[in-house]
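Visitor: Contents are compact mmCIF, C-alpha atoms; file name work28.txt:
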# COMPACT_ATOMS: atom_id res chain seq x y z
CA MET A 12 5.96 222.33 0.02
CA GLU A 13 4.08 225.62 -0.22
CA LEU A 14 4.76 228.05 2.64
CA GLU A 15 1.09 228.23 3.57
CA GLU A 16 0.83 224.44 3.78
CA ALA A 17 4.00 224.19 5.89
CA ILE A 18 2.67 226.79 8.34
CA ALA A 19 -0.68 224.99 8.53
CA LYS A 20 0.81 221.50 8.92
CA ARG A 21 3.60 222.29 11.40
CA HIS A 22 2.60 221.09 14.83
CA SER A 23 4.24 219.84 17.99
CA TYR A 24 4.67 216.10 17.62
CA ARG A 25 5.30 214.06 20.77
CA GLY A 26 4.48 210.62 19.36
CA PRO A 27 6.56 207.62 18.28
CA MET A 28 9.17 208.07 15.57
CA ASP A 29 10.81 205.85 13.01
CA THR A 30 14.35 205.29 14.28
CA GLN A 31 15.99 205.07 10.85
CA PRO A 32 18.73 207.69 10.40
CA VAL A 33 17.91 211.08 8.90
CA PRO A 34 20.15 211.73 5.87
CA ARG A 35 22.76 214.40 6.55
CA ASP A 36 21.73 216.45 3.52
CA HIS A 37 18.26 216.80 5.09
CA LEU A 38 19.73 217.82 8.45
CA ILE A 39 21.92 220.39 6.68
CA THR A 40 18.91 221.76 4.73
CA ILE A 41 17.02 222.16 8.01
CA VAL A 42 19.90 223.99 9.71
CA GLU A 43 20.49 226.16 6.62
CA ALA A 44 16.91 227.36 7.07
CA GLY A 45 17.76 228.25 10.68
CA ILE A 46 20.84 230.14 9.54
CA ARG A 47 18.68 232.15 7.09
CA ALA A 48 16.43 233.45 9.91
CA PRO A 49 16.81 237.10 10.91
CA SER A 50 18.77 238.15 13.99
CA GLY A 51 18.97 241.45 15.84
CA LYS A 52 21.67 243.63 14.19
CA ASN A 53 22.46 240.56 12.09
CA ALA A 54 24.50 239.26 15.04
CA GLN A 55 23.75 235.62 14.05
CA THR A 56 23.88 234.57 17.68
CA THR A 57 22.49 231.05 17.40
CA GLU A 58 24.81 228.11 16.76
CA PHE A 59 23.65 224.62 15.90
CA VAL A 60 24.96 221.24 17.00
CA ILE A 61 23.43 218.49 14.86
CA ILE A 62 23.40 215.20 16.73
CA ASP A 63 23.23 212.05 14.62
CA ASP A 64 25.88 209.83 16.16
CA PRO A 65 23.83 206.77 17.24
CA ALA A 66 25.54 206.37 20.62
CA MET A 67 25.05 210.05 21.47
CA VAL A 68 21.47 210.07 20.19
CA GLN A 69 20.65 207.07 22.37
CA GLN A 70 22.04 208.79 25.45
CA ILE A 71 19.77 211.76 24.81
CA ASN A 72 16.80 209.53 23.96
CA ALA A 73 17.18 207.90 27.35
CA MET A 74 16.98 211.26 29.14
CA HIS A 75 13.39 211.97 28.06
CA PRO A 76 11.31 208.79 28.38
CA ALA A 77 8.02 210.68 28.76
CA ASN A 78 8.11 212.28 25.32
CA LYS A 79 8.21 209.59 22.63
CA ALA A 80 9.51 211.95 19.98
CA MET A 81 12.56 212.81 22.10
CA ASN A 82 12.80 209.23 23.31
CA GLN A 83 12.94 207.73 19.80
CA ALA A 84 14.19 210.44 17.43
CA PRO A 85 17.21 209.34 15.37
CA ALA A 86 18.57 212.89 15.21
CA MET A 87 18.39 216.16 17.15
CA ILE A 88 19.39 219.74 16.56
CA ALA A 89 20.64 221.63 19.61
CA CYS A 90 20.49 225.45 19.44
CA VAL A 91 23.38 227.02 21.32
CA ILE A 92 23.59 230.58 22.64
CA ASP A 93 25.86 232.53 24.98
CA LYS A 94 25.28 232.37 28.73
CA GLN A 95 26.22 236.06 28.93
CA PRO A 96 25.35 237.62 25.58
CA GLN A 97 26.90 240.83 24.37
CA ALA A 98 24.66 243.82 23.84
CA VAL A 99 24.15 244.62 20.16
CA TYR A 100 21.82 247.66 20.34
CA GLU A 101 21.50 250.28 23.09
CA GLY A 102 22.44 247.80 25.80
CA TYR A 103 20.05 245.12 24.55
CA ASN A 104 20.71 241.72 23.05
CA PHE A 105 18.20 239.68 21.11
CA GLN A 106 19.57 236.17 21.25
CA ILE A 107 16.36 234.64 22.65
CA GLU A 108 14.41 236.14 19.75
CA ASP A 109 17.14 235.19 17.24
CA CYS A 110 17.08 231.59 18.42
CA ALA A 111 13.27 231.36 18.34
CA ALA A 112 13.13 232.71 14.77
CA ALA A 113 15.75 230.16 13.69
CA VAL A 114 13.78 227.38 15.38
CA GLU A 115 10.57 228.38 13.59
CA ASN A 116 12.35 228.32 10.21
CA MET A 117 13.71 224.87 11.07
CA LEU A 118 10.33 223.52 12.25
CA LEU A 119 8.72 224.63 8.99
CA THR A 120 11.52 223.02 6.98
CA ILE A 121 11.26 219.82 9.05
CA THR A 122 7.54 219.78 8.17
CA GLY A 123 8.26 220.47 4.50
CA LEU A 124 10.63 217.50 4.33
CA GLY A 125 8.07 215.13 5.87
CA TYR A 126 9.62 214.90 9.32
CA ALA A 127 8.15 215.84 12.67
CA SER A 128 9.54 217.64 15.70
CA VAL A 129 8.61 219.46 18.88
CA TRP A 130 10.14 222.62 20.38
CA ILE A 131 11.91 221.44 23.56
CA ASP A 132 12.79 224.37 25.81
CA GLY A 133 11.39 224.28 29.36
CA TRP A 134 12.55 220.69 29.83
CA LEU A 135 16.16 221.82 29.28
CA ARG A 136 15.84 224.24 32.21
CA ILE A 137 14.85 221.64 34.79
CA ASP A 138 16.75 218.77 36.46
CA ASN A 139 20.03 220.02 34.99
CA HIS A 140 19.13 218.67 31.54
CA ALA A 141 20.80 221.52 29.61
CA ALA A 142 24.03 221.13 31.59
CA LYS A 143 24.08 217.36 31.08
CA LEU A 144 23.61 217.85 27.34
CA ALA A 145 26.24 220.59 27.24
CA GLN A 146 28.73 218.16 28.73
CA LEU A 147 27.81 215.46 26.22
CA LEU A 148 28.20 217.90 23.30
CA ARG A 149 31.41 219.34 24.82
CA LEU A 150 30.15 222.91 24.82
CA PRO A 151 32.54 225.62 26.02
CA GLU A 152 31.73 226.90 29.54
CA HIS A 153 30.25 230.18 28.24
CA LYS A 154 27.70 228.51 25.96
CA LYS A 155 24.38 226.85 26.73
CA ILE A 156 21.73 224.85 24.92
CA GLN A 157 18.59 226.97 24.70
CA ILE A 158 16.34 224.76 22.57
CA ILE A 159 16.62 221.23 21.19
CA LEU A 160 14.59 219.75 18.35
CA PRO A 161 14.17 216.00 17.81
CA VAL A 162 13.95 215.12 14.11
CA GLY A 163 12.42 211.96 12.67
CA ILE A 164 9.62 210.47 10.62
CA PRO A 165 6.39 210.41 12.66
CA LEU A 166 4.71 207.03 13.03
CA GLU A 167 1.32 208.29 14.18
CA GLN A 168 -1.12 211.04 13.50
CA TRP A 169 -0.81 213.51 16.35
CA PRO A 170 -3.59 215.96 17.06
CA PRO A 171 -2.48 219.56 16.51
CA LYS A 172 -3.30 221.89 19.39
CA GLU A 173 -6.35 224.09 18.97
CA ARG A 174 -5.90 227.80 18.38
CA LYS A 175 -8.14 230.57 19.68
CA PRO A 176 -10.00 232.20 16.78
CA PHE A 177 -8.61 235.22 14.96
CA ALA A 178 -11.01 237.61 16.71
CA SER A 179 -9.66 236.54 20.12
CA ARG A 180 -6.04 237.22 19.15
CA ALA A 181 -6.19 240.13 16.72
CA CYS A 182 -7.92 243.46 16.22
CA PHE A 183 -7.66 246.52 14.01
CA ASN A 184 -6.14 249.89 14.95
CA THR A 185 -7.07 250.00 18.63
CA TYR A 186 -6.91 247.26 21.22
CA THR A 187 -10.33 245.72 21.74
CA LEU A 188 -9.49 242.20 22.92
CA ASN A 189 -10.83 240.60 26.11
CA GLY A 190 -13.25 243.48 26.51
CA GLU A 191 -10.31 245.64 27.55
CA GLN A 192 -9.36 249.05 26.26
CA HIS A 193 -7.47 251.84 27.84
CA MET B 25 5.38 230.59 -2.83
CA GLU B 26 7.46 227.57 -1.91
CA LEU B 27 8.65 227.48 1.71
CA GLU B 28 12.29 227.24 0.64
CA GLU B 29 11.97 230.30 -1.61
CA ALA B 30 10.20 232.30 1.12
CA ILE B 31 12.96 231.50 3.62
CA ALA B 32 15.64 232.44 1.06
CA LYS B 33 13.93 235.67 -0.07
CA ARG B 34 12.85 237.01 3.33
CA HIS B 35 15.16 239.84 4.34
CA SER B 36 15.03 242.99 6.41
CA TYR B 37 13.82 245.77 4.13
CA ARG B 38 14.45 249.36 5.25
CA GLY B 39 13.87 251.08 1.88
CA PRO B 40 11.04 253.13 0.39
CA MET B 41 7.56 251.61 0.17
CA ASP B 42 4.54 252.09 -2.01
CA THR B 43 2.00 253.93 0.16
CA GLN B 44 -1.09 252.31 -1.37
CA PRO B 45 -3.20 250.47 1.22
CA VAL B 46 -2.61 246.78 1.89
CA PRO B 47 -5.88 244.85 1.40
CA ARG B 48 -7.33 243.62 4.69
CA ASP B 49 -7.54 240.04 3.46
CA HIS B 50 -3.75 240.08 3.03
CA LEU B 51 -3.23 241.55 6.50
CA ILE B 52 -5.50 238.87 7.94
CA THR B 53 -3.62 236.12 6.07
CA ILE B 54 -0.34 237.44 7.52
CA VAL B 55 -1.68 237.51 11.08
CA GLU B 56 -3.29 234.07 10.67
CA ALA B 57 0.23 232.78 9.97
CA GLY B 58 1.37 234.39 13.23
CA ILE B 59 -1.49 232.77 15.09
CA ARG B 60 -0.46 229.35 13.70
CA ALA B 61 3.05 229.63 15.21
CA PRO B 62 3.85 227.44 18.20
CA SER B 63 3.81 228.80 21.75
CA GLY B 64 5.11 227.36 25.02
CA LYS B 65 2.39 225.15 26.55
CA ASN B 66 0.15 226.43 23.73
CA ALA B 67 -0.43 229.55 25.82
CA GLN B 68 -0.88 231.68 22.66
CA THR B 69 0.54 234.69 24.44
CA THR B 70 1.01 237.05 21.48
CA GLU B 71 -1.81 239.36 20.43
CA PHE B 72 -1.84 241.37 17.23
CA VAL B 73 -3.03 244.90 16.54
CA ILE B 74 -3.22 245.51 12.80
CA ILE B 75 -2.87 249.21 12.00
CA ASP B 76 -4.28 250.36 8.67
CA ASP B 77 -6.20 253.50 9.61
CA PRO B 78 -4.46 256.18 7.50
CA ALA B 79 -4.38 258.81 10.25
CA MET B 80 -2.91 256.36 12.76
CA VAL B 81 -0.45 254.95 10.23
CA GLN B 82 0.79 258.45 9.45
CA GLN B 83 1.36 259.21 13.12
CA ILE B 84 3.52 256.09 13.40
CA ASN B 85 5.30 256.82 10.07
CA ALA B 86 6.31 260.20 11.48
CA MET B 87 7.93 258.58 14.54
CA HIS B 88 10.62 256.77 12.56
CA PRO B 89 12.00 259.08 9.86
CA ALA B 90 15.34 257.25 9.67
CA ASN B 91 13.89 253.96 8.44
CA LYS B 92 12.05 254.50 5.15
CA ALA B 93 10.06 251.28 5.48
CA MET B 94 8.60 252.40 8.84
CA ASN B 95 8.34 255.98 7.58
CA GLN B 96 6.30 255.07 4.49
CA ALA B 97 4.56 251.74 5.18
CA PRO B 98 0.77 251.89 4.67
CA ALA B 99 0.16 249.25 7.35
CA MET B 100 1.80 247.83 10.44
CA ILE B 101 1.30 244.84 12.69
CA ALA B 102 2.00 245.41 16.38
CA CYS B 103 2.72 242.30 18.48
CA VAL B 104 1.42 242.70 22.01
CA ILE B 105 2.49 240.75 25.09
CA ASP B 106 2.02 241.01 28.85
CA LYS B 107 4.28 243.27 30.89
CA GLN B 108 4.21 240.67 33.67
CA PRO B 109 3.62 237.33 32.04
CA GLN B 110 2.26 234.34 33.91
CA ALA B 111 4.47 231.29 34.29
CA VAL B 112 3.28 228.37 32.17
CA TYR B 113 5.89 225.70 32.98
CA GLU B 114 7.95 225.24 36.15
CA GLY B 115 8.00 228.96 36.86
CA TYR B 116 8.99 229.90 33.33
CA ASN B 117 7.11 231.78 30.65
CA PHE B 118 7.97 231.77 26.96
CA GLN B 119 6.24 234.84 25.63
CA ILE B 120 9.42 236.32 24.06
CA GLU B 121 9.96 233.06 22.17
CA ASP B 122 6.26 232.78 21.28
CA CYS B 123 6.25 236.30 19.87
CA ALA B 124 9.44 235.76 17.85
CA ALA B 125 8.09 232.55 16.30
CA ALA B 126 4.86 234.35 15.35
CA VAL B 127 6.88 237.18 13.81
CA GLU B 128 8.96 234.78 11.73
CA ASN B 129 5.80 233.10 10.37
CA MET B 130 4.44 236.56 9.51
CA LEU B 131 7.67 237.73 7.84
CA LEU B 132 7.69 234.63 5.64
CA THR B 133 4.04 235.17 4.72
CA ILE B 134 4.70 238.87 4.01
CA THR B 135 7.47 237.73 1.65
CA GLY B 136 5.23 235.13 0.05
CA LEU B 137 2.57 237.76 -0.71
CA GLY B 138 5.10 240.09 -2.37
CA TYR B 139 5.37 242.60 0.46
CA ALA B 140 8.42 243.61 2.47
CA SER B 141 8.99 244.26 6.17
CA VAL B 142 11.63 244.58 8.84
CA TRP B 143 11.60 243.28 12.43
CA ILE B 144 11.38 246.41 14.61
CA ASP B 145 12.22 245.61 18.23
CA GLY B 146 15.11 247.56 19.78
CA TRP B 147 13.69 250.86 18.51
CA LEU B 148 10.54 250.27 20.55
CA ARG B 149 12.64 250.06 23.72
CA ILE B 150 14.27 253.48 23.37
CA ASP B 151 12.93 257.05 23.63
CA ASN B 152 9.62 255.77 25.01
CA HIS B 153 8.51 254.61 21.55
CA ALA B 154 6.65 251.51 22.81
CA ALA B 155 4.75 253.56 25.40
CA LYS B 156 3.78 256.20 22.85
CA LEU B 157 2.50 253.51 20.50
CA ALA B 158 0.68 251.76 23.35
CA GLN B 159 -1.19 254.99 24.04
CA LEU B 160 -2.08 255.44 20.36
CA LEU B 161 -3.38 251.85 20.13
CA ARG B 162 -5.16 252.19 23.51
CA LEU B 163 -3.46 249.18 25.04
CA PRO B 164 -4.45 248.18 28.57
CA GLU B 165 -1.85 249.16 31.21
CA HIS B 166 -0.63 245.59 31.64
CA LYS B 167 0.19 245.05 27.96
CA LYS B 168 3.12 246.24 25.86
CA ILE B 169 4.18 246.26 22.24
CA GLN B 170 7.14 243.93 21.86
CA ILE B 171 7.66 243.99 18.10
CA ILE B 172 6.16 245.97 15.22
CA LEU B 173 6.28 245.08 11.54
CA PRO B 174 5.74 247.60 8.75
CA VAL B 175 3.99 246.04 5.74
CA GLY B 176 4.07 247.41 2.19
CA ILE B 177 5.23 246.86 -1.35
CA PRO B 178 8.98 247.54 -1.62
CA LEU B 179 10.02 250.11 -4.23
CA GLU B 180 13.71 249.24 -4.35
CA GLN B 181 15.97 246.26 -4.31
CA TRP B 182 17.48 246.08 -0.85
CA PRO B 183 20.64 244.10 -0.25
CA PRO B 184 20.06 241.16 2.10
CA LYS B 185 22.55 240.92 4.93
CA GLU B 186 25.35 238.41 4.51
CA ARG B 187 25.35 235.22 6.54
CA LYS B 188 28.35 233.45 7.99
CA PRO B 189 28.86 230.12 6.21
CA PHE B 190 27.33 226.90 7.53
CA ALA B 191 30.65 225.66 8.93
CA SER B 192 30.93 228.77 11.13
CA ARG B 193 27.47 228.29 12.64
CA ALA B 194 26.94 224.53 12.73
CA CYS B 195 28.78 221.32 13.58
CA PHE B 196 28.01 217.65 14.12
CA ASN B 197 27.74 215.85 17.46
CA THR B 198 30.32 217.80 19.45
CA TYR B 199 30.96 221.53 19.55
CA THR B 200 33.88 222.44 17.33
CA LEU B 201 33.11 226.06 16.37
CA ASN B 202 35.52 228.97 16.83
CA GLY B 203 38.29 226.53 17.67
CA GLU B 204 36.65 225.97 21.04
CA GLN B 205 35.79 222.71 22.69
CA HIS B 206 35.42 221.80 26.28
If you convert what's in this file into structure tokens, what do you get?

Guide:
Amino acid sequence: MELEEAIAKRHSYRGPMDTQPVPRDHLITIVEAGIRAPSGKNAQTTEFVIIDDPAMVQQINAMHPANKAMNQAPAMIACVIDKQPQAVYEGYNFQIEDCAAAVENMLLTITGLGYASVWIDGWLRIDNHAAKLAQLLRLPEHKKIQIILPVGIPLEQWPPKERKPFASRACFNTYTLNGEQH
Amino acid sequence: MELEEAIAKRHSYRGPMDTQPVPRDHLITIVEAGIRAPSGKNAQTTEFVIIDDPAMVQQINAMHPANKAMNQAPAMIACVIDKQPQAVYEGYNFQIEDCAAAVENMLLTITGLGYASVWIDGWLRIDNHAAKLAQLLRLPEHKKIQIILPVGIPLEQWPPKERKPFASRACFNTYTLNGEQH
């Protein structure tokens, strides 16, 4: 798929999914795209646990009944980062940014391959979901799941979210948005 | 350009750049890709200031003599977020993630159009660089520049950074990286 089309078509899909397995070569292609994303000081901080074991997938499906994509997806990709990241530049670390860039590359690749997904992040932070998943995936104590992506073939059209127009998000040379300027 | 090729070719470019102006329609296409990126609760938190005024560009060029791309680029895109973001989900905000996803979409589109760039983030946080730029771009007090991207035609081949192999970054179903497992 053309880059421009992938960017235009990628959207958060929360609808029903075909439960047939996703071939491993597709899952590997998706994660390879995540690995290719940039990271601060090339620290490559994000790790990926690909979940396609049916018994494990079903346990995770059962945790999120409200979101059909998570509830029915035949595979997931968990993005793992350090609980206490090391600084890589002047006392700063960039693992949140690194992980988000990897996720965007994966979402575009998921779209390009004809699958659907949705960026699951906030849900992990509530009701101990991330810790429960960490136990299931046997993560070391010092690691945590930051983002998880369900992967599957979408069974419905799902309306993409509207975007504010260009002129409400962008301007040239000096800040002129929202009627504000310093 | 094909998505797969864009992901493979995108790399951090710190070399010399052609100083000829970047056409505005290209800059708009790049920022439109950023706008299309996902954001937590669709809050669309990232704003974009496109800098192509020669006098302003030259002031910014002069701030970063060590990085030829920033020192010579004829255009830049500054990504602007709130200093004190509003929570959008259970007390959390996702503007760092939102901004990083937008940047990755823009870097891929920059690559697709034949330009080069490099994700400039840590540099903004030291020596008051972000504040100096905020003043130049006349940002409101409550906004800050989180990331800036130089945009221009690369004049040299620049070696992409190596990546650890797939098996060092990814595993299936349970965590088995670095010889660690809980």

Visitor: Taking only C-alpha atoms into account, which of B:Thr69, B:Ile74, B:Pro47, B:Ala61 comes nearest A:Pro171?

Guide: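 Of B:Thr69, B:Ile74, B:Pro47, B:Ala61, the one nearest A:Pro171, counting only C-alpha atoms, is B:Ala61.
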
Visitor: Might you pull out every residue within 9 Å of A:Leu160, with all atoms listed in the file counted and same-chain residues fewer than 4 positions away left off, and present them as a ChimeraX atom specification?

Guide: /A:81,86-90,114,117-118,128-132

Visitor: Near B:Gln181, counting all atoms listed in the file, which residues have an atom at most 12 Å away, once you skip same-chain residues fewer than 6 positions from it, shown as a ChimeraX atom specification?

Guide: /B:33,35-41,140

Visitor: Output C-alpha atoms for every residue in the selection just made, as a PDB file, keeping the file's coordinate frame.

Guide:
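Resulting contents of again-v5.pdb:
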ATOM      1  CA  LYS B  33      13.930 235.670  -0.070  1.00  0.00           C
ATOM      2  CA  HIS B  35      15.160 239.840   4.340  1.00  0.00           C
ATOM      3  CA  SER B  36      15.030 242.990   6.410  1.00  0.00           C
ATOM      4  CA  TYR B  37      13.820 245.770   4.130  1.00  0.00           C
ATOM      5  CA  ARG B  38      14.450 249.360   5.250  1.00  0.00           C
ATOM      6  CA  GLY B  39      13.870 251.080   1.880  1.00  0.00           C
ATOM      7  CA  PRO B  40      11.040 253.130   0.390  1.00  0.00           C
ATOM      8  CA  MET B  41       7.560 251.610   0.170  1.00  0.00           C
ATOM      9  CA  ALA B 140       8.420 243.610   2.470  1.00  0.00           C
TER      10      ALA B 140
END

Visitor: Tell me which of B:Ala124, B:Ala154, B:Ile84, B:Ile105 sits closest to chain A, counting only C-alpha atoms.

Guide: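 That would be B:Ala124, the residue with the smallest distance to chain A.
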
Visitor: Up to 6 Å from chain B, what residues of chain A turn up? Count all atoms listed in the file and give them as a list in words.

Guide: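 Per the criterion, chain A yields Met12, Glu13, Leu14, Glu58, Phe59, Val60, Ile61, Ile62, Glu108, Ala111, Ala112, Glu115, Leu148, Arg149, Leu150, Pro151, Arg180, Ala181, Cys182, Phe183, Asn184, Thr185, Tyr186, Gln192 and His193 of chain A.
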
Visitor: Pick out the closest residue to A:Thr122 from this set: A:Ile164, A:Ala66, A:Ala77, A:Leu144. Count all atoms listed in the file.

Guide: A:Ile164

Visitor: Which residues come within 8 Å of A:Lys94, counting only C-alpha atoms, excluding same-chain residues fewer than 6 positions away, as an NGL selection string?

Guide: :A and (153-155)

Visitor: If I take atom CA of A:Ala84 and atom CA of A:Asn72, how far is one from the other in Å, to one decimal?

Guide: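 Separating atom CA of A:Ala84 from atom CA of A:Asn72 is a distance of 7.1 Å.
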
Visitor: Give me the residues within 8 Å of A:Pro85 as a ChimeraX atom specification, counting all atoms listed in the file and dropping any in the same chain fewer than 5 places off.

Guide: /A:29-33,63,65,68,161-163

Visitor: Distance atom CA of B:Gln83-atom CA of B:His153, one decimal place?

Guide: 12.0 Å

Visitor: One decimal, in Å: what's the spacing between atom CA of A:Gln69 and atom CA of A:Gln106?

Guide: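 So the two atoms, atom CA of A:Gln69 and atom CA of A:Gln106, lie 29.1 Å apart.
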
Visitor: With all atoms listed in the file as the basis for distance, which of B:Leu179, B:Ala111, B:Leu148, B:Gly203 is at the shortest distance from B:His88?

Guide: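 Checking each of B:Leu179, B:Ala111, B:Leu148, B:Gly203 against B:His88, counting all atoms listed in the file, the winner is B:Leu148.
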
Visitor: Just write stretch 124-147 of chain A with N, CA and C atoms, as a tab-separated table (two decimals), in the first residue's frame, taken from the block above.

Guide:
chain	number	residue	atom	x	y	z
A	124	LEU	N	-1.59	-4.17	5.57
A	124	LEU	CA	-1.80	-5.61	5.38
A	124	LEU	C	-3.29	-5.99	5.40
A	125	GLY	N	-4.17	-5.02	5.60
A	125	GLY	CA	-5.60	-5.30	5.58
A	125	GLY	C	-6.20	-5.66	6.92
A	126	TYR	N	-5.42	-5.48	7.98
A	126	TYR	CA	-5.95	-5.73	9.32
A	126	TYR	C	-6.42	-4.41	9.96
A	127	ALA	N	-6.99	-4.53	11.13
A	127	ALA	CA	-7.39	-3.34	11.88
A	127	ALA	C	-6.83	-3.46	13.30
A	128	SER	N	-6.78	-2.32	13.98
A	128	SER	CA	-6.29	-2.30	15.35
A	128	SER	C	-6.79	-1.03	16.03
A	129	VAL	N	-6.45	-0.91	17.30
A	129	VAL	CA	-6.72	0.32	18.05
A	129	VAL	C	-5.65	0.43	19.13
A	130	TRP	N	-5.15	1.62	19.32
A	130	TRP	CA	-4.08	1.92	20.29
A	130	TRP	C	-4.67	1.82	21.70
A	131	ILE	N	-4.31	0.80	22.44
A	131	ILE	CA	-4.83	0.60	23.80
A	131	ILE	C	-3.75	0.99	24.79
A	132	ASP	N	-4.04	2.06	25.57
A	132	ASP	CA	-3.02	2.63	26.45
A	132	ASP	C	-3.64	2.94	27.82
A	133	GLY	N	-4.58	3.88	27.86
A	133	GLY	CA	-5.19	4.27	29.13
A	133	GLY	C	-5.81	3.08	29.86
A	134	TRP	N	-6.44	2.19	29.12
A	134	TRP	CA	-7.09	1.02	29.72
A	134	TRP	C	-6.09	0.17	30.51
A	135	LEU	N	-4.84	0.11	30.04
A	135	LEU	CA	-3.82	-0.66	30.75
A	135	LEU	C	-3.52	-0.08	32.13
A	136	ARG	N	-3.75	1.24	32.26
A	136	ARG	CA	-3.35	1.93	33.50
A	136	ARG	C	-4.40	1.85	34.59
A	137	ILE	N	-5.59	1.35	34.23
A	137	ILE	CA	-6.65	1.27	35.25
A	137	ILE	C	-6.93	-0.18	35.63
A	138	ASP	N	-7.54	-0.35	36.81
A	138	ASP	CA	-7.98	-1.67	37.28
A	138	ASP	C	-6.89	-2.73	37.20
A	139	ASN	N	-5.63	-2.28	37.30
A	139	ASN	CA	-4.52	-3.25	37.35
A	139	ASN	C	-4.36	-4.08	36.07
A	140	HIS	N	-4.90	-3.59	34.96
A	140	HIS	CA	-4.85	-4.39	33.73
A	140	HIS	C	-3.42	-4.68	33.29
A	141	ALA	N	-2.55	-3.65	33.33
A	141	ALA	CA	-1.16	-3.86	32.86
A	141	ALA	C	-0.47	-4.91	33.72
A	142	ALA	N	-0.69	-4.86	35.03
A	142	ALA	CA	-0.03	-5.82	35.92
A	142	ALA	C	-0.54	-7.25	35.68
A	143	LYS	N	-1.86	-7.36	35.45
A	143	LYS	CA	-2.42	-8.69	35.16
A	143	LYS	C	-1.82	-9.26	33.87
A	144	LEU	N	-1.71	-8.41	32.85
A	144	LEU	CA	-1.11	-8.85	31.59
A	144	LEU	C	0.37	-9.18	31.77
A	145	ALA	N	1.07	-8.37	32.56
A	145	ALA	CA	2.50	-8.62	32.78
A	145	ALA	C	2.72	-10.01	33.39
A	146	GLN	N	1.81	-10.37	34.29
A	146	GLN	CA	1.90	-11.69	34.92
A	146	GLN	C	1.65	-12.80	33.89
A	147	LEU	N	0.64	-12.59	33.07
A	147	LEU	CA	0.32	-13.58	32.04
A	147	LEU	C	1.48	-13.78	31.07
